[in-house]
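Here's entry.pdb, which has PDB, C-alpha atoms:
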MODEL        1
ATOM      1  CA  GLU A  28      -2.305   6.592  -0.061  1.00  0.00           C
ATOM      2  CA  LYS A  29      -3.832   4.477   2.722  1.00  0.00           C
ATOM      3  CA  ILE A  30      -1.016   1.942   2.408  1.00  0.00           C
ATOM      4  CA  ARG A  31       1.569   4.700   2.755  1.00  0.00           C
ATOM      5  CA  GLU A  32      -0.260   6.195   5.759  1.00  0.00           C
ATOM      6  CA  ALA A  33      -0.519   2.848   7.526  1.00  0.00           C
ATOM      7  CA  ARG A  34       3.117   2.040   6.771  1.00  0.00           C
ATOM      8  CA  ASN A  35       4.255   5.384   8.182  1.00  0.00           C
ATOM      9  CA  VAL A  36       2.180   4.880  11.331  1.00  0.00           C
ATOM     10  CA  SER A  37       3.520   1.373  11.882  1.00  0.00           C
ATOM     11  CA  ALA A  38       7.104   2.564  11.291  1.00  0.00           C
ATOM     12  CA  VAL A  39       6.705   5.254  13.949  1.00  0.00           C
ATOM     13  CA  VAL A  40       4.947   2.959  16.411  1.00  0.00           C
ATOM     14  CA  GLY A  41       7.609   0.283  15.947  1.00  0.00           C
ATOM     15  CA  VAL A  42      10.317   2.481  17.481  1.00  0.00           C
ATOM     16  CA  LEU A  43       8.274   3.706  20.447  1.00  0.00           C
ATOM     17  CA  SER A  44       8.418   2.167  23.898  1.00  0.00           C
ATOM     18  CA  ILE A  45       5.469   0.018  25.017  1.00  0.00           C
ATOM     19  CA  ASP A  46       4.209   2.805  27.298  1.00  0.00           C
ATOM     20  CA  ASP A  47       4.360   5.340  24.472  1.00  0.00           C
ATOM     21  CA  GLN A  48       2.585   2.912  22.113  1.00  0.00           C
ATOM     22  CA  MET A  49      -0.212   2.374  24.634  1.00  0.00           C
ATOM     23  CA  GLU A  50      -0.615   6.120  25.117  1.00  0.00           C
ATOM     24  CA  LEU A  51      -0.695   6.689  21.361  1.00  0.00           C
ATOM     25  CA  MET A  52      -3.218   3.906  20.790  1.00  0.00           C
ATOM     26  CA  SER A  53      -5.488   5.027  23.607  1.00  0.00           C
ATOM     27  CA  GLY A  54      -5.985   8.347  21.835  1.00  0.00           C
ATOM     28  CA  GLU A  55      -7.086   6.647  18.631  1.00  0.00           C
ATOM     29  CA  ASN A  56     -10.621   5.487  18.054  1.00  0.00           C
ATOM     30  CA  THR A  57     -10.583   1.681  18.381  1.00  0.00           C
ATOM     31  CA  PHE A  58     -13.110   1.242  15.586  1.00  0.00           C
ATOM     32  CA  GLU A  59     -11.007   3.339  13.198  1.00  0.00           C
ATOM     33  CA  ARG A  60      -7.869   1.413  14.119  1.00  0.00           C
ATOM     34  CA  VAL A  61      -9.565  -1.956  13.564  1.00  0.00           C
ATOM     35  CA  GLU A  62     -11.055  -0.715  10.303  1.00  0.00           C
ATOM     36  CA  ARG A  63      -7.639   0.480   9.089  1.00  0.00           C
ATOM     37  CA  GLU A  64      -5.965  -2.802  10.088  1.00  0.00           C
ATOM     38  CA  ASP A  65      -8.705  -4.750   8.295  1.00  0.00           C
ATOM     39  CA  LEU A  66      -8.227  -2.653   5.166  1.00  0.00           C
ATOM     40  CA  ILE A  67      -4.471  -3.246   5.240  1.00  0.00           C
ATOM     41  CA  GLU A  68      -5.026  -6.981   5.591  1.00  0.00           C
ATOM     42  CA  LYS A  69      -7.461  -7.019   2.645  1.00  0.00           C
ATOM     43  CA  ILE A  70      -5.077  -5.038   0.460  1.00  0.00           C
ATOM     44  CA  THR A  71      -2.228  -7.373   1.378  1.00  0.00           C
ATOM     45  CA  GLN A  72      -4.330 -10.384   0.353  1.00  0.00           C
ATOM     46  CA  ILE A  73      -5.194  -8.708  -2.949  1.00  0.00           C
ATOM     47  CA  LEU A  74      -1.544  -7.859  -3.616  1.00  0.00           C
ATOM     48  CA  ASN A  75      -0.576 -11.495  -3.003  1.00  0.00           C
ATOM     49  CA  GLU A  76      -2.808 -12.443  -5.957  1.00  0.00           C
ATOM     50  CA  PHE A  77      -0.888 -10.139  -8.316  1.00  0.00           C
ATOM     51  CA  GLU A  78       1.891 -11.312 -10.610  1.00  0.00           C
ATOM     52  CA  GLU A  79       5.414 -10.825  -9.309  1.00  0.00           C
ATOM     53  CA  ARG A  80       6.114  -7.829 -11.584  1.00  0.00           C
ATOM     54  CA  ASP A  81       2.911  -6.102 -10.470  1.00  0.00           C
ATOM     55  CA  GLN A  82       3.782  -6.713  -6.814  1.00  0.00           C
ATOM     56  CA  LEU A  83       7.223  -5.232  -7.456  1.00  0.00           C
ATOM     57  CA  ILE A  84       5.737  -2.105  -9.021  1.00  0.00           C
ATOM     58  CA  VAL A  85       3.467  -1.565  -6.012  1.00  0.00           C
ATOM     59  CA  GLN A  86       6.349  -2.197  -3.616  1.00  0.00           C
ATOM     60  CA  LEU A  87       8.691   0.197  -5.406  1.00  0.00           C
ATOM     61  CA  TYR A  88       6.067   2.927  -5.652  1.00  0.00           C
ATOM     62  CA  TYR A  89       4.454   2.768  -2.212  1.00  0.00           C
ATOM     63  CA  TYR A  90       7.083   1.217   0.040  1.00  0.00           C
ATOM     64  CA  GLU A  91      10.316   2.415  -1.578  1.00  0.00           C
ATOM     65  CA  GLU A  92       8.636   5.671  -2.682  1.00  0.00           C
ATOM     66  CA  LEU A  93      10.256   5.654  -6.126  1.00  0.00           C
ATOM     67  CA  SER A  94       8.802   7.724  -8.945  1.00  0.00           C
ATOM     68  CA  LEU A  95       7.166   6.103 -11.957  1.00  0.00           C
ATOM     69  CA  LYS A  96      10.179   7.208 -14.000  1.00  0.00           C
ATOM     70  CA  GLU A  97      12.604   5.496 -11.593  1.00  0.00           C
ATOM     71  CA  ILE A  98      10.520   2.312 -11.624  1.00  0.00           C
ATOM     72  CA  GLY A  99      10.485   2.393 -15.419  1.00  0.00           C
ATOM     73  CA  GLU A 100      14.269   2.651 -15.484  1.00  0.00           C
ATOM     74  CA  ILE A 101      14.629  -0.297 -13.099  1.00  0.00           C
ATOM     75  CA  LEU A 102      12.222  -2.506 -15.037  1.00  0.00           C
ATOM     76  CA  GLN A 103      13.326  -1.155 -18.430  1.00  0.00           C
ATOM     77  CA  ILE A 104       9.766  -0.098 -19.263  1.00  0.00           C
ATOM     78  CA  SER A 105       8.649   3.391 -20.277  1.00  0.00           C
ATOM     79  CA  GLU A 106       7.305   5.724 -17.612  1.00  0.00           C
ATOM     80  CA  GLY A 107       4.016   5.881 -19.514  1.00  0.00           C
ATOM     81  CA  ARG A 108       3.655   2.099 -19.427  1.00  0.00           C
ATOM     82  CA  ILE A 109       4.407   2.014 -15.695  1.00  0.00           C
ATOM     83  CA  SER A 110       1.696   4.629 -15.228  1.00  0.00           C
ATOM     84  CA  GLN A 111      -0.786   2.474 -17.176  1.00  0.00           C
ATOM     85  CA  ILE A 112       0.112  -0.614 -15.141  1.00  0.00           C
ATOM     86  CA  HIS A 113      -0.166   1.332 -11.877  1.00  0.00           C
ATOM     87  CA  LYS A 114      -3.605   2.638 -12.843  1.00  0.00           C
ATOM     88  CA  ARG A 115      -4.761  -0.888 -13.768  1.00  0.00           C
ATOM     89  CA  LEU A 116      -3.495  -2.284 -10.456  1.00  0.00           C
ATOM     90  CA  MET A 117      -5.245   0.421  -8.424  1.00  0.00           C
ATOM     91  CA  GLU A 118      -8.501  -0.300 -10.279  1.00  0.00           C
ATOM     92  CA  LYS A 119      -8.124  -4.019  -9.496  1.00  0.00           C
ATOM     93  CA  ILE A 120      -7.615  -3.234  -5.824  1.00  0.00           C
ATOM     94  CA  ARG A 121     -10.632  -0.895  -5.731  1.00  0.00           C
ATOM     95  CA  LYS A 122     -12.892  -3.420  -7.443  1.00  0.00           C
ATOM     96  CA  LYS A 123     -11.837  -6.227  -5.111  1.00  0.00           C
ATOM     97  CA  LEU A 124     -12.350  -4.016  -2.050  1.00  0.00           C
ATOM     98  CA  GLU A 125     -15.833  -3.140  -3.304  1.00  0.00           C
ATOM     99  CA  GLY A 126     -16.541  -6.843  -3.762  1.00  0.00           C
ATOM    100  CA  LYS A 127     -16.943  -6.691  -7.537  1.00  0.00           C
TER     101      LYS A 127
ENDMDL
END
Representation of the structure as structure tokens:
Amino acid sequence: EKIREARNVSAVVGVLSIDDQMELMSGENTFERVEREDLIEKITQILNEFEERDQLIVQLYYYEELSLKEIGEILQISEGRISQIHKRLMEKIRKKLEGK
């Protein structure tokens, strides 16, 4: 969810003029922005440690916004198995973010 939110924010900001970006950023709490950027960086590092197939599943689900069923069809894996893999990947990310 946080990845999707950050991606949506960056997509919107990317098409704004510099003046509009500065105005938008000035309204946001600097600490929250830095914290969000740090979280995104940590998640990116964690994702880089995943196997290629796992990275693809995350990319298709969060960046391409495909359903688990659609991902299963692409990878020729059942929807249930994709769901299991997704759950396992999210647990890995949570544990690494918690430092476990």
Determine, counting all atoms listed in the file, which protein, DNA and RNA residues have an atom within 9 Å of an atom of range 116-119 of chain A; residues of the same chain fewer than 5 positions away are not included. Present the result as number ranges by chain. A: 73, 77, 81, 85, 111, 124
Write a file of the just-selected residues containing C-alpha atoms, as an mmCIF file, in the coordinates of the input.
data_model
loop_
_atom_site.group_PDB
_atom_site.id
_atom_site.type_symbol
_atom_site.label_atom_id
_atom_site.label_comp_id
_atom_site.auth_asym_id
_atom_site.auth_seq_id
_atom_site.Cartn_x
_atom_site.Cartn_y
_atom_site.Cartn_z
ATOM 1 C CA ILE A 73 -5.194 -8.708 -2.949
ATOM 2 C CA PHE A 77 -0.888 -10.139 -8.316
ATOM 3 C CA ASP A 81 2.911 -6.102 -10.470
ATOM 4 C CA VAL A 85 3.467 -1.565 -6.012
ATOM 5 C CA GLN A 111 -0.786 2.474 -17.176
ATOM 6 C CA LEU A 124 -12.350 -4.016 -2.050
#
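For the pair CA of Glu97 in chain A and CA of Ile109 in chain A, the separation is 9.8 Å.
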Could you please determine the separation between CA of Leu74 in chain A and CA of Ile120 in chain A in Å, to one decimal place?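 Calculated distance between CA of Leu74 in chain A and CA of Ile120 in chain A is 7.9 Å.
Interatomic distance, CA of Tyr88 in chain A against CA of His113 in chain A: 9.0 Å.
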Top pick for closest residue to Gly126 in chain A, considering A:Lys69, A:Lys96, A:Arg80, A:Arg108 and counting only C-alpha atoms: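 Using only C-alpha atoms, Gly126 in chain A sits closest to A:Lys69.
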Measuring atom to atom with all atoms listed in the file, identify which of A:Thr71, A:Arg115, A:Glu100, A:Arg63 is nearest to Gln86 in chain A.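 Of the candidates, the smallest distance to Gln86 in chain A is held by A:Thr71.
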If you take every atom of range 57-71 of chain A that the file lists and fit an axis-aligned box around them with 3 Å extra on each side, what centre and edge lengths come out in Å to one decimal, as AutoDock Vina command-line options?
--center_x -7.7 --center_y -2.0 --center_z 9.4 --size_x 16.9 --size_y 16.7 --size_z 23.9
Could you pull the residues within 8 Å of Ser110 in chain A, counting all atoms listed in the file, minus those fewer than 4 positions along the same chain, as an MDAnalysis selection string? chainID A and resid 95 106 114
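The shell of residues at most 12 Å from Leu66 in chain A, with all atoms listed in the file counted and near chain neighbours (fewer than 2 positions) removed, consists of Lys29, Ile30, Glu32, Ala33, Glu59, Arg60, Val61, Glu62, Arg63, Glu64, Glu68, Lys69, Ile70, Thr71, Gln72, Ile73, Ile120, Arg121, Lys123, Leu124 and Glu125 of chain A.
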